[in-house]
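Peer 1: Once you've had a glance at the structure underneath, I'll fire off some questions.
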Amino acid sequence: MKIFTRLLALSMTMLMMEWLKISCLLCVFGFVREIRPSEPYVTEYLLGPWRNITETQLTQDVYPVGTYSHLVQLVFVFLITDFLRYKPLIITIGAAGVIIWSMLIWTTSLLSLQILELFYGTYMAAEVAYYTYIYAKVDKKYYPRVTSHTRAAMFVGKLVSGITSQLMINLDVMNYKELNYITLTTQIIAMLWAFGLPKVDKSLYFHRQIEQNAEDAEAQPQTIVTKQPGATKLLWSHFYNAYTNPRVLQWSLWYAIGLAGYLQVTYYMQVLWKVIEPEPQIAWNGAVDAVLTALAAMMALAAGYLHTGRMKPRLSLFVLAILSALEGGAVLICCWTKDIYWSYVGFILFGGLYGFTITLASAEVARNLEEESFGLVFGFNTLLALVFQSLLTIIVVSDIGLSLNAVGQYTVYAFYFIVVGLIYLISVLVEYIWLRDDHRESNKLI
């Protein structure tokens, strides 16, 4: 009897730890995928002797393809992730990574770069599966833990990547092209690892299931599994309930606007640095990436700590407005200086401030959601962010728009954040005055 009891206790313990096992398996994928030491130097590589393209071609004919591809593909990925039950999309991330860095190494034409950017859109769009897979595999009570695990894994991967790339360049162990071989290797490992992830049996919308235990005391308890119809209706219900909530709408709008600006700033930053310092003795891009990642991680933790019961909604919005304007100021430091090191400092400050604000916005959106619609809402917010980013690209970068140089582009991005900060600050003040007047009126009536 004691042996049976021990075996039962052991099996229960193993069942309880199943969520941790799944979390660790997914985190290994996220960590390995983020080890891409070639990324901090991709512009240096593309504008170097290995390829025959100009800075104008890179900013107007190559990079925008990735932006538009990401937007278009995210629409489809957003719809099929739940239907395909996540895992195939995670495998797709690894496969796209292998294709991208193989093409970076073994092709040289402008057309091949544009095709590569199409696959980069797939690589980024399918990332939504990485973030939502875990919610379909573990109990809701473990959501905060597994969310922190998956985010931390990516932060650590980026940190290792930045340090590795800087060491390889500074010690003259590898050149910019050879860093791509490390990245290709990690993408192959990530793809193979993805095949070993546990499959998902049910999902929130298209494979939704409920379980009911038979209550016959004499009969053996059995589980009745039935599919719940109405995936489209449930999707619309969650969408409508979320975006008719003024707080969700308010914070989601900033999430989309902020993410769009962040993507645009980070996407072209290496081009700006190339303009400020065309031939640097040592490019510190990898070290900057590592420091920015570490600072963003600490700021995200600080935002999570301060937000938990310590910041009221209106105070959170006020902080968001001020920090948004400061993000714009940091971008101005990046582009209005002729000293590359001040530009590095501005970029690091921008990344740290963004790490705080995006965590704050995410927490406020999640706090105001009434249903299990986190994946839907954050997926749609990301889609909206890519729409804004594409509009920024068309207006600021492309030939049919203003076609500004690098400094002009970043000046626009800086004032983009400053104006958004001012608008949100005004909205906070208006809300405060409105509620104060309402309170006075109610006191008069009493």
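By order of appearance in the structure tokens: chains A, B, ..., then residues from 1 within every chain, and ligands from 1 in the order shown.
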Quick one: residues within 8 Å of A:Ile182, only C-alpha atoms, excluding same-chain residues fewer than 6 positions away - as a PDB file with N, CA, C and O atoms, in the first residue's frame?
Peer 2:
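File written: around16.pdb
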ATOM      1  N   ARG A  36      21.659  35.270 -32.949  1.00  0.00           N
ATOM      2  CA  ARG A  36      21.886  35.667 -34.345  1.00  0.00           C
ATOM      3  C   ARG A  36      22.962  36.765 -34.360  1.00  0.00           C
ATOM      4  O   ARG A  36      22.653  37.952 -34.559  1.00  0.00           O
ATOM      5  N   PRO A  37      24.214  36.394 -34.133  1.00  0.00           N
ATOM      6  CA  PRO A  37      25.275  37.415 -34.001  1.00  0.00           C
ATOM      7  C   PRO A  37      25.525  38.222 -35.272  1.00  0.00           C
ATOM      8  O   PRO A  37      26.186  39.267 -35.214  1.00  0.00           O
ATOM      9  N   SER A  38      25.007  37.762 -36.404  1.00  0.00           N
ATOM     10  CA  SER A  38      25.202  38.524 -37.641  1.00  0.00           C
ATOM     11  C   SER A  38      24.271  39.732 -37.719  1.00  0.00           C
ATOM     12  O   SER A  38      24.550  40.693 -38.456  1.00  0.00           O
TER      13      SER A  38
END
Peer 1: Please provide the set of residues having any atom within 10 Å of stretch 372-378 of chain A, restricted to only C-alpha atoms, with same-chain residues fewer than 6 positions apart removed, written as a short mmCIF file (atom, residue, chain, number, x, y, z; two decimals) with C-alpha atoms, in the first residue's frame.
Peer 2:
data_model
loop_
_atom_site.label_atom_id
_atom_site.label_comp_id
_atom_site.auth_asym_id
_atom_site.auth_seq_id
_atom_site.Cartn_x
_atom_site.Cartn_y
_atom_site.Cartn_z
CA PHE A 78 -2.90 35.40 -37.43
CA LEU A 79 -5.83 33.42 -38.87
CA ASP A 82 -4.99 28.64 -33.95
CA VAL A 128 3.09 34.93 -32.85
CA ALA A 129 2.95 31.11 -32.61
CA TYR A 131 4.18 33.47 -27.82
CA THR A 132 0.76 31.78 -27.93
CA TYR A 133 1.74 28.07 -28.06
CA TYR A 135 -1.06 29.17 -23.42
CA LYS A 140 -4.20 29.27 -16.90
CA LEU A 204 -8.88 28.45 -28.13
CA LEU A 234 -16.39 33.25 -30.57
CA LEU A 235 -13.64 35.20 -32.33
CA SER A 237 -17.40 38.01 -29.52
CA HIS A 238 -13.93 38.28 -27.98
CA PHE A 239 -12.90 40.98 -30.46
CA ASN A 241 -15.93 42.78 -26.11
CA ALA A 242 -12.28 43.78 -26.03
CA TYR A 243 -12.32 46.78 -28.36
CA VAL A 248 -8.42 48.36 -23.85
CA SER A 252 -4.04 49.00 -27.49
CA TYR A 255 0.74 49.53 -28.08
CA ALA A 256 0.31 49.56 -31.87
CA SER A 362 0.79 45.16 -22.26
CA VAL A 365 -4.36 45.80 -21.84
CA ALA A 366 -4.27 42.40 -20.10
CA LEU A 384 -2.25 47.30 -36.49
#
Peer 1: List the spatial neighbours of A:Leu253 as a VMD selection string - criterion: any atom at most 10 Å away, only C-alpha atoms, same-chain residues fewer than 3 positions off excluded.
Peer 2: chain A and resid 247 to 250 256 to 259 361 381 384 to 385
Peer 1: Residues at most 7 Å from stretch 320-334 of chain A, counting only C-alpha atoms, excluding those fewer than 5 positions away in the same chain, as a list in words?
Peer 2: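 Neighbouring residues, sequence-local ones excluded: Trp342, Ser343, Tyr344, Gly346, Phe347, Leu349, Phe350, Leu353, Thr357, Tyr410, Thr411, Ala414, Phe415, Phe417, Ile418, Val420, Gly421, Leu422, Tyr424 and Leu425 of chain A.
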Peer 1: Please save C-alpha atoms of the selected residues as a PDB file, in the first residue's frame.
Peer 2:
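Result file follows (out30.pdb):
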ATOM      1  CA  TRP A 342      26.346  59.642 -28.546  1.00  0.00           C
ATOM      2  CA  SER A 343      24.156  57.945 -31.133  1.00  0.00           C
ATOM      3  CA  TYR A 344      24.831  54.617 -29.400  1.00  0.00           C
ATOM      4  CA  GLY A 346      20.618  57.586 -27.520  1.00  0.00           C
ATOM      5  CA  PHE A 347      19.667  54.204 -28.986  1.00  0.00           C
ATOM      6  CA  LEU A 349      18.175  54.968 -23.812  1.00  0.00           C
ATOM      7  CA  PHE A 350      15.433  54.575 -26.395  1.00  0.00           C
ATOM      8  CA  LEU A 353      12.441  53.438 -22.210  1.00  0.00           C
ATOM      9  CA  THR A 357       6.464  51.485 -21.814  1.00  0.00           C
ATOM     10  CA  TYR A 410      14.966  59.652 -37.708  1.00  0.00           C
ATOM     11  CA  THR A 411      13.956  63.246 -37.068  1.00  0.00           C
ATOM     12  CA  ALA A 414      11.576  61.294 -33.004  1.00  0.00           C
ATOM     13  CA  PHE A 415       8.734  63.784 -33.369  1.00  0.00           C
ATOM     14  CA  PHE A 417       6.995  59.714 -30.425  1.00  0.00           C
ATOM     15  CA  ILE A 418       6.970  63.248 -29.011  1.00  0.00           C
ATOM     16  CA  VAL A 420       2.097  60.767 -29.429  1.00  0.00           C
ATOM     17  CA  GLY A 421       3.321  61.549 -25.908  1.00  0.00           C
ATOM     18  CA  LEU A 422       1.753  65.013 -26.012  1.00  0.00           C
ATOM     19  CA  TYR A 424      -1.729  61.095 -24.471  1.00  0.00           C
ATOM     20  CA  LEU A 425      -0.689  63.718 -21.918  1.00  0.00           C
TER      21      LEU A 425
END
Peer 1: Which one is closest to A:Leu74: A:Leu116, A:Leu369, A:Leu386, A:Leu46? Count only C-alpha atoms.
Peer 2: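 Under the stated criterion, the closest residue is A:Leu386.
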Peer 1: Write out as CSV the residues of stretch 108-167 of chain A that have any atom within 9 Å of an atom of stretch 268-287 of chain A, one row each with the nearest atom pair and its distance in Å to one decimal, counting only C-alpha atoms, sorted by chain and then rising number.
Peer 2:
residue,atom,partner,partner_atom,distance
A:Ser161,CA,A:Gly286,CA,7.7
A:Gly162,CA,A:Gly286,CA,4.3
A:Ile163,CA,A:Ala287,CA,6.0
A:Thr164,CA,A:Gly286,CA,7.7
A:Ser165,CA,A:Gly286,CA,5.5
A:Gln166,CA,A:Gly286,CA,4.7
A:Leu167,CA,A:Gly286,CA,8.3
Peer 1: Hey, what's within 7 Å of A:Gly352 if we count only C-alpha atoms and toss same-chain stuff fewer than 6 positions away? As a list of chain:residue names, please?
Peer 2: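 Skipping anything fewer than 6 positions along the chain leaves A:Leu292, A:Leu295, A:Ala296, A:Met299.
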Peer 1: Print the selection's residues with C-alpha atoms to a file, as a compact mmCIF listing (two decimals), in the first residue's frame.
Peer 2:
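Once written, out_7.txt looks like this:
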# COMPACT_ATOMS: atom_id res chain seq x y z
CA LEU A 292 20.25 47.61 -24.81
CA LEU A 295 18.62 47.50 -19.94
CA ALA A 296 15.30 46.70 -21.67
CA MET A 299 13.16 48.15 -17.32
Peer 1: Please, what distance in Å, to one decimal, runs between atom CA of A:Phe206 and atom CA of A:Lys137?
Peer 2: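 Atom CA of A:Lys137 lies at a distance of 15.1 Å from atom CA of A:Phe206.
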Peer 1: Find the residues near A:Leu47: any atom within 12 Å, counting only C-alpha atoms, skip ones fewer than 3 places away on the same chain, and give them as a list in words.
Peer 2: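 Close residues of A:Leu47: Tyr41, Val42, Thr43, Glu44, Trp50, Arg51, Asn52, Ile53, Thr54, Glu55, Thr56, Gln57, Leu58, Thr59, Thr108, Leu110, Tyr176, Lys177, Gln270, Val271, Lys274, Val275, Pro278 and Glu279 of chain A.
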Peer 1: Need the shell around A:Met298: protein/DNA/RNA residues with any atom at most 10 Å away, counting only C-alpha atoms. Skip same-chain ones fewer than 5 positions apart. Format as number ranges by chain?
Peer 2: A: 292-293, 303-304, 352, 355-356
Peer 1: What are the DSSP helix (DSSP H, G or I) residues of stretch 161-384 of chain A, as a PyMOL selection string?
Peer 2: chain A and resi 161-170+179-195+231-243+246-276+285-310+313-336+340-367+374-384
Peer 1: Tell me, in Å to one decimal, how far atom CA of A:Trp106 is from atom CA of A:Val65.
Peer 2: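 Atom-to-atom, atom CA of A:Trp106 to atom CA of A:Val65, that is 19.9 Å.
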